[in-house]
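Undergrad: I am sharing run-v7.cif, which consists of mmCIF, C-alpha atoms:
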data_work
#
loop_
_atom_site.group_PDB
_atom_site.id
_atom_site.type_symbol
_atom_site.label_atom_id
_atom_site.label_comp_id
_atom_site.auth_asym_id
_atom_site.auth_seq_id
_atom_site.Cartn_x
_atom_site.Cartn_y
_atom_site.Cartn_z
ATOM 1 C CA MET A 29 91.007 93.059 110.974
ATOM 2 C CA LYS A 30 90.694 90.860 107.889
ATOM 3 C CA LEU A 31 89.972 87.137 107.616
ATOM 4 C CA ILE A 32 91.069 85.228 104.502
ATOM 5 C CA VAL A 33 89.664 81.678 104.467
ATOM 6 C CA GLY A 34 90.769 78.926 102.103
ATOM 7 C CA LEU A 35 88.406 75.968 101.896
ATOM 8 C CA GLY A 36 89.642 72.397 101.709
ATOM 9 C CA ASN A 37 89.811 69.064 103.485
ATOM 10 C CA PRO A 38 92.450 68.239 106.115
ATOM 11 C CA GLY A 39 94.754 65.261 105.734
ATOM 12 C CA LYS A 40 97.470 64.004 103.399
ATOM 13 C CA GLU A 41 95.005 62.041 101.261
ATOM 14 C CA TYR A 42 93.334 65.300 100.176
ATOM 15 C CA GLU A 43 96.478 67.225 99.266
ATOM 16 C CA ASN A 44 96.588 68.301 95.617
ATOM 17 C CA THR A 45 92.919 67.513 95.072
ATOM 18 C CA ARG A 46 90.584 69.841 93.211
ATOM 19 C CA HIS A 47 88.523 70.536 96.337
ATOM 20 C CA ASN A 48 91.616 71.815 98.184
ATOM 21 C CA VAL A 49 92.311 74.787 95.924
ATOM 22 C CA GLY A 50 91.424 77.170 98.772
ATOM 23 C CA PHE A 51 93.970 75.544 101.091
ATOM 24 C CA SER A 52 96.639 75.677 98.405
ATOM 25 C CA VAL A 53 96.080 79.416 97.836
ATOM 26 C CA ILE A 54 96.492 80.117 101.578
ATOM 27 C CA GLU A 55 99.631 77.962 101.713
ATOM 28 C CA TYR A 56 101.073 79.614 98.604
ATOM 29 C CA TYR A 57 100.343 83.119 99.891
ATOM 30 C CA CYS A 58 101.924 82.417 103.275
ATOM 31 C CA GLN A 59 104.964 80.772 101.686
ATOM 32 C CA LYS A 60 105.533 83.669 99.258
ATOM 33 C CA ASN A 61 105.220 86.202 102.089
ATOM 34 C CA ASN A 62 107.267 84.252 104.662
ATOM 35 C CA ILE A 63 104.290 83.973 107.001
ATOM 36 C CA THR A 64 105.135 81.103 109.337
ATOM 37 C CA ASN A 65 104.266 79.694 112.743
ATOM 38 C CA PRO A 66 100.728 78.420 112.240
ATOM 39 C CA LYS A 67 98.465 78.304 115.272
ATOM 40 C CA LYS A 68 95.463 76.126 116.072
ATOM 41 C CA LYS A 69 92.119 77.314 117.378
ATOM 42 C CA PHE A 70 88.456 76.362 116.927
ATOM 43 C CA ASP A 71 89.237 73.419 114.646
ATOM 44 C CA GLY A 72 91.273 75.624 112.336
ATOM 45 C CA ILE A 73 94.901 76.190 111.424
ATOM 46 C CA TYR A 74 95.622 79.874 111.005
ATOM 47 C CA TYR A 75 98.409 82.336 110.446
ATOM 48 C CA GLU A 76 98.454 85.903 111.725
ATOM 49 C CA GLU A 77 100.225 88.765 110.055
ATOM 50 C CA SER A 78 100.090 92.511 110.437
ATOM 51 C CA TYR A 79 99.878 94.856 107.451
ATOM 52 C CA ASN A 80 100.144 98.587 108.118
ATOM 53 C CA GLY A 81 98.981 98.008 111.685
ATOM 54 C CA GLU A 82 95.971 95.867 110.724
ATOM 55 C CA LYS A 83 95.868 92.205 111.724
ATOM 56 C CA VAL A 84 95.102 89.676 108.983
ATOM 57 C CA ILE A 85 94.228 86.049 109.699
ATOM 58 C CA PHE A 86 94.740 83.357 107.056
ATOM 59 C CA LEU A 87 92.558 80.365 107.954
ATOM 60 C CA LYS A 88 92.369 76.749 106.830
ATOM 61 C CA PRO A 89 89.374 75.137 108.592
ATOM 62 C CA GLN A 90 90.269 71.625 109.750
ATOM 63 C CA SER A 91 86.733 70.313 109.847
ATOM 64 C CA PHE A 92 85.895 68.700 106.556
ATOM 65 C CA ILE A 93 84.993 71.169 103.820
ATOM 66 C CA ASN A 94 81.258 70.495 104.212
ATOM 67 C CA LEU A 95 81.471 71.713 107.838
ATOM 68 C CA SER A 96 83.621 74.815 107.250
ATOM 69 C CA GLY A 97 80.929 77.260 108.328
ATOM 70 C CA GLY A 98 81.152 76.497 112.037
ATOM 71 C CA VAL A 99 84.882 77.180 112.070
ATOM 72 C CA VAL A 100 84.497 80.414 110.057
ATOM 73 C CA LYS A 101 81.738 81.625 112.404
ATOM 74 C CA LYS A 102 83.836 80.945 115.519
ATOM 75 C CA PHE A 103 86.731 82.990 114.103
ATOM 76 C CA ILE A 104 84.449 85.870 113.082
ATOM 77 C CA ASP A 105 82.810 85.932 116.519
ATOM 78 C CA PHE A 106 85.982 85.486 118.579
ATOM 79 C CA PHE A 107 88.039 88.082 116.723
ATOM 80 C CA LYS A 108 85.011 90.372 116.146
ATOM 81 C CA ILE A 109 85.603 90.548 112.389
ATOM 82 C CA ASP A 110 83.174 92.504 110.238
ATOM 83 C CA LEU A 111 81.680 90.347 107.486
ATOM 84 C CA ASN A 112 82.843 92.944 104.934
ATOM 85 C CA ASP A 113 86.413 92.053 105.932
ATOM 86 C CA VAL A 114 86.047 88.333 105.189
ATOM 87 C CA LEU A 115 87.143 86.692 101.931
ATOM 88 C CA ILE A 116 86.338 83.014 101.265
ATOM 89 C CA ILE A 117 88.477 81.184 98.670
ATOM 90 C CA ASN A 118 86.800 78.151 97.115
ATOM 91 C CA ASP A 119 86.899 75.826 94.142
ATOM 92 C CA ASP A 120 84.170 76.125 91.488
ATOM 93 C CA LEU A 121 82.996 73.286 89.236
ATOM 94 C CA ASP A 122 81.172 75.615 86.854
ATOM 95 C CA MET A 123 84.262 77.491 85.662
ATOM 96 C CA PRO A 124 87.174 76.283 83.512
ATOM 97 C CA VAL A 125 90.298 75.171 85.366
ATOM 98 C CA GLY A 126 92.211 78.188 86.623
ATOM 99 C CA LYS A 127 89.604 80.839 85.869
ATOM 100 C CA ILE A 128 89.199 83.323 88.726
ATOM 101 C CA LYS A 129 86.066 85.194 89.668
ATOM 102 C CA LEU A 130 85.368 87.531 92.558
ATOM 103 C CA ARG A 131 81.800 87.691 93.848
ATOM 104 C CA PRO A 132 80.420 90.012 96.552
ATOM 105 C CA THR A 133 77.467 87.713 97.303
ATOM 106 C CA GLY A 134 75.541 84.862 95.715
ATOM 107 C CA THR A 135 74.391 81.318 96.142
ATOM 108 C CA SER A 136 76.480 78.320 97.074
ATOM 109 C CA GLY A 137 76.220 76.980 93.520
ATOM 110 C CA GLY A 138 75.924 73.512 95.061
ATOM 111 C CA HIS A 139 79.240 73.828 96.944
ATOM 112 C CA ASN A 140 78.609 72.181 100.312
ATOM 113 C CA GLY A 141 81.307 74.193 102.068
ATOM 114 C CA LEU A 142 79.644 77.444 100.977
ATOM 115 C CA LYS A 143 76.229 76.056 101.970
ATOM 116 C CA ASP A 144 77.559 75.439 105.479
ATOM 117 C CA ILE A 145 79.068 78.920 105.669
ATOM 118 C CA GLU A 146 75.729 80.435 104.610
ATOM 119 C CA ARG A 147 73.911 78.331 107.206
ATOM 120 C CA ASN A 148 76.292 79.330 110.011
ATOM 121 C CA LEU A 149 76.538 83.027 109.081
ATOM 122 C CA ASN A 150 72.828 83.184 108.252
ATOM 123 C CA THR A 151 73.573 85.135 105.079
ATOM 124 C CA LYS A 152 74.734 84.727 101.493
ATOM 125 C CA ASP A 153 76.320 88.174 101.604
ATOM 126 C CA TYR A 154 80.016 87.464 101.989
ATOM 127 C CA LYS A 155 82.864 87.941 99.546
ATOM 128 C CA ARG A 156 84.278 85.017 97.589
ATOM 129 C CA LEU A 157 87.268 84.353 95.413
ATOM 130 C CA LYS A 158 86.202 81.455 93.216
ATOM 131 C CA ILE A 159 88.775 79.402 91.335
ATOM 132 C CA GLY A 160 87.630 77.137 88.522
ATOM 133 C CA ILE A 161 88.327 73.415 88.616
ATOM 134 C CA SER A 162 86.050 72.547 85.655
ATOM 135 C CA ASN A 163 83.855 69.461 85.766
ATOM 136 C CA ASP A 164 83.919 66.046 84.166
ATOM 137 C CA LYS A 165 80.325 64.896 83.827
ATOM 138 C CA ASN A 166 81.575 61.333 83.207
ATOM 139 C CA ILE A 167 82.902 61.124 86.771
ATOM 140 C CA ASN A 168 80.812 61.217 89.934
ATOM 141 C CA THR A 169 81.051 64.785 91.308
ATOM 142 C CA ARG A 170 82.363 63.659 94.711
ATOM 143 C CA ASP A 171 85.059 61.535 93.075
ATOM 144 C CA TYR A 172 85.946 64.366 90.702
ATOM 145 C CA VAL A 173 86.405 67.082 93.353
ATOM 146 C CA LEU A 174 88.371 64.693 95.576
ATOM 147 C CA GLY A 175 90.493 63.569 92.618
ATOM 148 C CA LYS A 176 94.120 64.579 92.201
ATOM 149 C CA LEU A 177 95.030 67.393 89.840
ATOM 150 C CA SER A 178 96.655 66.469 86.544
ATOM 151 C CA ASN A 179 99.950 68.171 85.645
ATOM 152 C CA GLU A 180 98.134 70.380 83.137
ATOM 153 C CA GLU A 181 95.505 71.398 85.719
ATOM 154 C CA GLN A 182 98.225 72.109 88.272
ATOM 155 C CA GLU A 183 100.050 74.399 85.824
ATOM 156 C CA LYS A 184 96.871 76.401 85.194
ATOM 157 C CA LEU A 185 96.127 76.606 88.920
ATOM 158 C CA ASP A 186 99.679 77.773 89.647
ATOM 159 C CA ILE A 187 99.036 80.773 87.379
ATOM 160 C CA SER A 188 95.749 81.371 89.219
ATOM 161 C CA LYS A 189 97.498 81.233 92.591
ATOM 162 C CA SER A 190 99.899 83.965 91.461
ATOM 163 C CA GLU A 191 96.884 86.074 90.487
ATOM 164 C CA ALA A 192 95.189 85.233 93.800
ATOM 165 C CA ILE A 193 98.186 86.672 95.684
ATOM 166 C CA LYS A 194 97.621 90.027 93.974
ATOM 167 C CA ILE A 195 93.897 89.881 94.777
ATOM 168 C CA ILE A 196 94.556 89.095 98.432
ATOM 169 C CA ASP A 197 97.103 91.918 98.665
ATOM 170 C CA ASP A 198 94.579 94.365 97.188
ATOM 171 C CA PHE A 199 91.829 93.070 99.490
ATOM 172 C CA ILE A 200 94.070 93.477 102.533
ATOM 173 C CA THR A 201 94.971 97.058 101.618
ATOM 174 C CA GLY A 202 91.274 97.914 101.503
ATOM 175 C CA THR A 203 90.752 98.267 97.768
ATOM 176 C CA ASP A 204 87.022 98.625 97.121
ATOM 177 C CA PHE A 205 85.545 95.238 96.168
ATOM 178 C CA THR A 206 83.803 96.616 93.080
ATOM 179 C CA THR A 207 87.190 97.910 91.932
ATOM 180 C CA LEU A 208 88.724 94.482 92.605
ATOM 181 C CA MET A 209 86.045 92.789 90.505
ATOM 182 C CA SER A 210 86.614 95.236 87.635
ATOM 183 C CA LYS A 211 90.348 94.653 87.821
ATOM 184 C CA TYR A 212 90.415 90.840 88.128
ATOM 185 C CA ASN A 213 87.176 89.391 86.720
ATOM 186 C CA ARG A 214 87.823 88.661 83.073
ATOM 187 C CA LYS A 215 85.540 87.190 80.456
#
Could you express the structure from this file as C-alpha cells?

TA:
Amino acid sequence: MKLIVGLGNPGKEYENTRHNVGFSVIEYYCQKNNITNPKKKFDGIYYEESYNGEKVIFLKPQSFINLSGGVVKKFIDFFKIDLNDVLIINDDLDMPVGKIKLRPTGTSGGHNGLKDIERNLNTKDYKRLKIGISNDKNINTRDYVLGKLSNEEQEKLDISKSEAIKIIDDFITGTDFTTLMSKYNRK
C-alpha cells in the first residue's frame, strides 16, 4: 500500500496560495485520473485507488499545515503503511517557482508542516517531492506562503504538476527512488 500526501491548509481562503501546492498536486492527479469520491478520516480528506492490485491513498490533511504530522501518522498506523511507501508533497521556499526536487530524507528546511511530520513519525527519513515557490525577502514569510499565486507563478506550477503526475505514477509502480531522483531531479 502506498500513501501520497499533499500538504496544504484547508479552507477557501487558502486555495491557490503558495503553501497549498501539495494539495493542488493531489487534486490535479486525482482529476487527471478520474479518481473521485473522497472520504474523510482522522482529520483528512483522502481518495483510494487500486493500481495492479495495490491500494494507493491520496491524502490532504485537514488540520492546518503546521499540524499535518498527526494526520499522516494516524493514516500510516491505521493502514499499516511502510514508511518507504510514503511520499510527502510540499512547497519549498528555497527553490525557484516550479522547480521539482525529490529527496529520500533530510531536514524540514524550516517548513513547519515537515517539522510536525518529523516530530510525529520520530524520523527525518521519509520521501519528499518538493516543489519550489521561491521567496520574496521583502515580504514576511508567513504572508508570502499564504499569498495567492500570480498568473506567471501558476503557469510554472502547472508545468510542475504535469511532471509531478509522472513522478507519482513511477512511485506507485515501485520504481526505485534513486532511479526516480536520477530521472526527475534536474540542475

Undergrad: Excluding Arg46 in chain A and any residue of its chain fewer than 6 positions from it, enumerate the residues within 10 Å of it, using only C-alpha atoms, and give them as an MDAnalysis selection string.

TA: chainID A and resid 36 52 118:121 125 159:162 171:178 181:182 185

Undergrad: With C-alpha atoms retained, export the selected residues as a PDB file, in the coordinates of the input.

TA:
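And here is the file that came out, again_9.pdb:
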ATOM      1  CA  GLY A  36      89.642  72.397 101.709  1.00  0.00           C
ATOM      2  CA  SER A  52      96.639  75.677  98.405  1.00  0.00           C
ATOM      3  CA  ASN A 118      86.800  78.151  97.115  1.00  0.00           C
ATOM      4  CA  ASP A 119      86.899  75.826  94.142  1.00  0.00           C
ATOM      5  CA  ASP A 120      84.170  76.125  91.488  1.00  0.00           C
ATOM      6  CA  LEU A 121      82.996  73.286  89.236  1.00  0.00           C
ATOM      7  CA  VAL A 125      90.298  75.171  85.366  1.00  0.00           C
ATOM      8  CA  ILE A 159      88.775  79.402  91.335  1.00  0.00           C
ATOM      9  CA  GLY A 160      87.630  77.137  88.522  1.00  0.00           C
ATOM     10  CA  ILE A 161      88.327  73.415  88.616  1.00  0.00           C
ATOM     11  CA  SER A 162      86.050  72.547  85.655  1.00  0.00           C
ATOM     12  CA  ASP A 171      85.059  61.535  93.075  1.00  0.00           C
ATOM     13  CA  TYR A 172      85.946  64.366  90.702  1.00  0.00           C
ATOM     14  CA  VAL A 173      86.405  67.082  93.353  1.00  0.00           C
ATOM     15  CA  LEU A 174      88.371  64.693  95.576  1.00  0.00           C
ATOM     16  CA  GLY A 175      90.493  63.569  92.618  1.00  0.00           C
ATOM     17  CA  LYS A 176      94.120  64.579  92.201  1.00  0.00           C
ATOM     18  CA  LEU A 177      95.030  67.393  89.840  1.00  0.00           C
ATOM     19  CA  SER A 178      96.655  66.469  86.544  1.00  0.00           C
ATOM     20  CA  GLU A 181      95.505  71.398  85.719  1.00  0.00           C
ATOM     21  CA  GLN A 182      98.225  72.109  88.272  1.00  0.00           C
ATOM     22  CA  LEU A 185      96.127  76.606  88.920  1.00  0.00           C
TER      23      LEU A 185
END

Undergrad: On this structure, which residues satisfy the PyMOL selection byres ((chain A and resi 142-148) around 7), written as an NGL selection string?

TA: :A and (94-98 or 101 or 136 or 139-141 or 149-152)

Undergrad: So how far away is CA of Gly34 in chain A from CA of Phe70 in chain A, in Å?

TA: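 Answer for the CA of Phe70 in chain A to CA of Gly34 in chain A separation: 15.2 Å.
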
Undergrad: Which residue, A:Leu31, A:Thr206, A:Ile193, A:Lys68, has the smallest gap to Phe107 in chain A when you use all atoms listed in the file?

TA: A:Leu31

Undergrad: With the file shown as input, list the residues that the PyMOL selection byres ((chain A and resi 90) around 6) selects, as a ChimeraX atom specification.

TA: /A:38,71-72,89,91

Undergrad: Using only C-alpha atoms, which of the listed residues (A:Leu87, A:Lys194, A:Met123, A:Asn48) sits closest to Ile104 in chain A?

TA: A:Leu87

Undergrad: Tell me, in Å to one decimal, how far CA of Asn179 in chain A is from CA of Glu191 in chain A.

TA: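 Result for CA of Asn179 in chain A versus CA of Glu191 in chain A: 18.8 Å, one decimal.
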
Undergrad: List the neighbours of Asn213 in chain A out to 9 Å using only C-alpha atoms; skip same-chain residues closer than 2 positions along the sequence, and give me the result as a list in words.

TA: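 Returned residues: Lys127, Ile128, Lys129, Leu130, Leu208, Met209, Ser210, Lys211 and Lys215 of chain A.
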
Undergrad: Write the residues of the selection above to a file with C-alpha atoms, as a PDB file, keeping the file's coordinate frame.

TA:
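Wrote it out as part32.pdb, contents follow:
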ATOM      1  CA  LYS A 127      89.604  80.839  85.869  1.00  0.00           C
ATOM      2  CA  ILE A 128      89.199  83.323  88.726  1.00  0.00           C
ATOM      3  CA  LYS A 129      86.066  85.194  89.668  1.00  0.00           C
ATOM      4  CA  LEU A 130      85.368  87.531  92.558  1.00  0.00           C
ATOM      5  CA  LEU A 208      88.724  94.482  92.605  1.00  0.00           C
ATOM      6  CA  MET A 209      86.045  92.789  90.505  1.00  0.00           C
ATOM      7  CA  SER A 210      86.614  95.236  87.635  1.00  0.00           C
ATOM      8  CA  LYS A 211      90.348  94.653  87.821  1.00  0.00           C
ATOM      9  CA  LYS A 215      85.540  87.190  80.456  1.00  0.00           C
TER      10      LYS A 215
END

Undergrad: Find the distance between CA of Glu77 in chain A and CA of Asp197 in chain A and write it in Å to one decimal.

TA: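 The value is 12.2 Å.
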
Undergrad: Between A:His47, A:Glu41, A:Gly126, A:Lys30, single out the one closest to Phe103 in chain A, counting only C-alpha atoms.

TA: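 Checking each candidate against Phe103 in chain A, we get A:Lys30 as the closest.
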
Undergrad: Which polymer residues have any atom within 10 Å of an atom of Tyr75 in chain A, counting only C-alpha atoms, with same-chain residues fewer than 2 positions away left out, as a PyMOL selection string?

TA: chain A and resi 32+54-55+58+63-68+72-73+77+84-88

Undergrad: Taking all atoms listed in the file into account, name the residue in A:Met29, A:Ala192, A:Thr207, A:Asn62 that is nearest to Glu82 in chain A.

TA: A:Met29

Undergrad: Using all atoms listed in the file, can you tell me which of A:Val49, A:Ile93, A:Leu115, A:Val100 comes closest to Ile196 in chain A?

TA: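 Residue with the minimum atom-to-atom distance to Ile196 in chain A: A:Leu115.
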
Undergrad: Report as a list in words all protein, DNA and RNA residues lying within 9 Å of Ser190 in chain A, evaluated on only C-alpha atoms, omitting residues in the same chain fewer than 6 positions from it.

TA: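 So, after excluding close chain neighbours, the residues are Val53, Tyr56 and Tyr57 of chain A.
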
Undergrad: Please return the centre and edge lengths, in Å to one decimal, of a box with edges along x, y and z that contains all listed atoms of range 124-133 of chain A, widened by 6 Å on every side, as AutoDock Vina command-line options.

TA:
--center_x 84.8 --center_y 82.6 --center_z 90.4 --size_x 26.7 --size_y 26.8 --size_z 25.8

Undergrad: Since fewer atoms than expected are present, regenerate N, CA and C atoms for range 140-166 of chain A and write them as a PDB file, in the frame of the given file.

TA:
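Contents of part.pdb, freshly written:
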ATOM      1  N   ASN A 140      79.055  72.467  98.946  1.00  0.00           N
ATOM      2  CA  ASN A 140      78.609  72.181 100.312  1.00  0.00           C
ATOM      3  C   ASN A 140      79.342  72.991 101.381  1.00  0.00           C
ATOM      4  N   GLY A 141      80.585  73.338 101.121  1.00  0.00           N
ATOM      5  CA  GLY A 141      81.307  74.193 102.068  1.00  0.00           C
ATOM      6  C   GLY A 141      80.673  75.574 102.150  1.00  0.00           C
ATOM      7  N   LEU A 142      80.308  76.133 100.993  1.00  0.00           N
ATOM      8  CA  LEU A 142      79.644  77.444 100.977  1.00  0.00           C
ATOM      9  C   LEU A 142      78.254  77.355 101.596  1.00  0.00           C
ATOM     10  N   LYS A 143      77.550  76.248 101.345  1.00  0.00           N
ATOM     11  CA  LYS A 143      76.229  76.056 101.970  1.00  0.00           C
ATOM     12  C   LYS A 143      76.351  76.117 103.488  1.00  0.00           C
ATOM     13  N   ASP A 144      77.383  75.463 104.025  1.00  0.00           N
ATOM     14  CA  ASP A 144      77.559  75.439 105.479  1.00  0.00           C
ATOM     15  C   ASP A 144      77.946  76.816 106.015  1.00  0.00           C
ATOM     16  N   ILE A 145      78.728  77.558 105.259  1.00  0.00           N
ATOM     17  CA  ILE A 145      79.068  78.920 105.669  1.00  0.00           C
ATOM     18  C   ILE A 145      77.801  79.769 105.697  1.00  0.00           C
ATOM     19  N   GLU A 146      76.986  79.681 104.659  1.00  0.00           N
ATOM     20  CA  GLU A 146      75.729  80.435 104.610  1.00  0.00           C
ATOM     21  C   GLU A 146      74.836  80.075 105.791  1.00  0.00           C
ATOM     22  N   ARG A 147      74.753  78.791 106.095  1.00  0.00           N
ATOM     23  CA  ARG A 147      73.911  78.331 107.206  1.00  0.00           C
ATOM     24  C   ARG A 147      74.423  78.896 108.540  1.00  0.00           C
ATOM     25  N   ASN A 148      75.724  78.866 108.745  1.00  0.00           N
ATOM     26  CA  ASN A 148      76.292  79.330 110.011  1.00  0.00           C
ATOM     27  C   ASN A 148      76.302  80.852 110.141  1.00  0.00           C
ATOM     28  N   LEU A 149      76.520  81.562 109.038  1.00  0.00           N
ATOM     29  CA  LEU A 149      76.538  83.027 109.081  1.00  0.00           C
ATOM     30  C   LEU A 149      75.141  83.610 108.903  1.00  0.00           C
ATOM     31  N   ASN A 150      74.210  82.761 108.481  1.00  0.00           N
ATOM     32  CA  ASN A 150      72.828  83.184 108.252  1.00  0.00           C
ATOM     33  C   ASN A 150      72.725  84.272 107.190  1.00  0.00           C
ATOM     34  N   THR A 151      73.599  84.184 106.191  1.00  0.00           N
ATOM     35  CA  THR A 151      73.573  85.135 105.079  1.00  0.00           C
ATOM     36  C   THR A 151      74.330  84.555 103.888  1.00  0.00           C
ATOM     37  N   LYS A 152      73.986  85.053 102.711  1.00  0.00           N
ATOM     38  CA  LYS A 152      74.734  84.727 101.493  1.00  0.00           C
ATOM     39  C   LYS A 152      75.634  85.896 101.111  1.00  0.00           C
ATOM     40  N   ASP A 153      75.598  86.940 101.909  1.00  0.00           N
ATOM     41  CA  ASP A 153      76.320  88.174 101.604  1.00  0.00           C
ATOM     42  C   ASP A 153      77.716  88.168 102.226  1.00  0.00           C
ATOM     43  N   TYR A 154      78.605  87.445 101.604  1.00  0.00           N
ATOM     44  CA  TYR A 154      80.016  87.464 101.989  1.00  0.00           C
ATOM     45  C   TYR A 154      80.831  87.335 100.712  1.00  0.00           C
ATOM     46  N   LYS A 155      82.024  87.867 100.748  1.00  0.00           N
ATOM     47  CA  LYS A 155      82.864  87.941  99.546  1.00  0.00           C
ATOM     48  C   LYS A 155      83.553  86.607  99.288  1.00  0.00           C
ATOM     49  N   ARG A 156      83.650  86.275  97.992  1.00  0.00           N
ATOM     50  CA  ARG A 156      84.278  85.017  97.589  1.00  0.00           C
ATOM     51  C   ARG A 156      85.287  85.247  96.473  1.00  0.00           C
ATOM     52  N   LEU A 157      86.313  84.466  96.515  1.00  0.00           N
ATOM     53  CA  LEU A 157      87.268  84.353  95.413  1.00  0.00           C
ATOM     54  C   LEU A 157      87.128  82.919  94.918  1.00  0.00           C
ATOM     55  N   LYS A 158      86.485  82.768  93.776  1.00  0.00           N
ATOM     56  CA  LYS A 158      86.202  81.455  93.216  1.00  0.00           C
ATOM     57  C   LYS A 158      87.275  81.104  92.193  1.00  0.00           C
ATOM     58  N   ILE A 159      87.751  79.867  92.264  1.00  0.00           N
ATOM     59  CA  ILE A 159      88.775  79.402  91.335  1.00  0.00           C
ATOM     60  C   ILE A 159      88.245  78.155  90.635  1.00  0.00           C
ATOM     61  N   GLY A 160      88.200  78.211  89.312  1.00  0.00           N
ATOM     62  CA  GLY A 160      87.630  77.137  88.522  1.00  0.00           C
ATOM     63  C   GLY A 160      88.436  75.854  88.574  1.00  0.00           C
ATOM     64  N   ILE A 161      87.701  74.745  88.680  1.00  0.00           N
ATOM     65  CA  ILE A 161      88.327  73.415  88.616  1.00  0.00           C
ATOM     66  C   ILE A 161      87.690  72.583  87.503  1.00  0.00           C
ATOM     67  N   SER A 162      86.768  73.206  86.733  1.00  0.00           N
ATOM     68  CA  SER A 162      86.050  72.547  85.655  1.00  0.00           C
ATOM     69  C   SER A 162      85.192  71.414  86.211  1.00  0.00           C
ATOM     70  N   ASN A 163      84.698  70.569  85.340  1.00  0.00           N
ATOM     71  CA  ASN A 163      83.855  69.461  85.766  1.00  0.00           C
ATOM     72  C   ASN A 163      83.907  68.392  84.684  1.00  0.00           C
ATOM     73  N   ASP A 164      83.979  67.161  85.098  1.00  0.00           N
ATOM     74  CA  ASP A 164      83.919  66.046  84.166  1.00  0.00           C
ATOM     75  C   ASP A 164      82.634  65.293  84.460  1.00  0.00           C
ATOM     76  N   LYS A 165      81.649  65.485  83.611  1.00  0.00           N
ATOM     77  CA  LYS A 165      80.325  64.896  83.827  1.00  0.00           C
ATOM     78  C   LYS A 165      80.346  63.367  83.759  1.00  0.00           C
ATOM     79  N   ASN A 166      81.451  62.785  83.277  1.00  0.00           N
ATOM     80  CA  ASN A 166      81.575  61.333  83.207  1.00  0.00           C
ATOM     81  C   ASN A 166      82.042  60.719  84.523  1.00  0.00           C
TER      82      ASN A 166
END
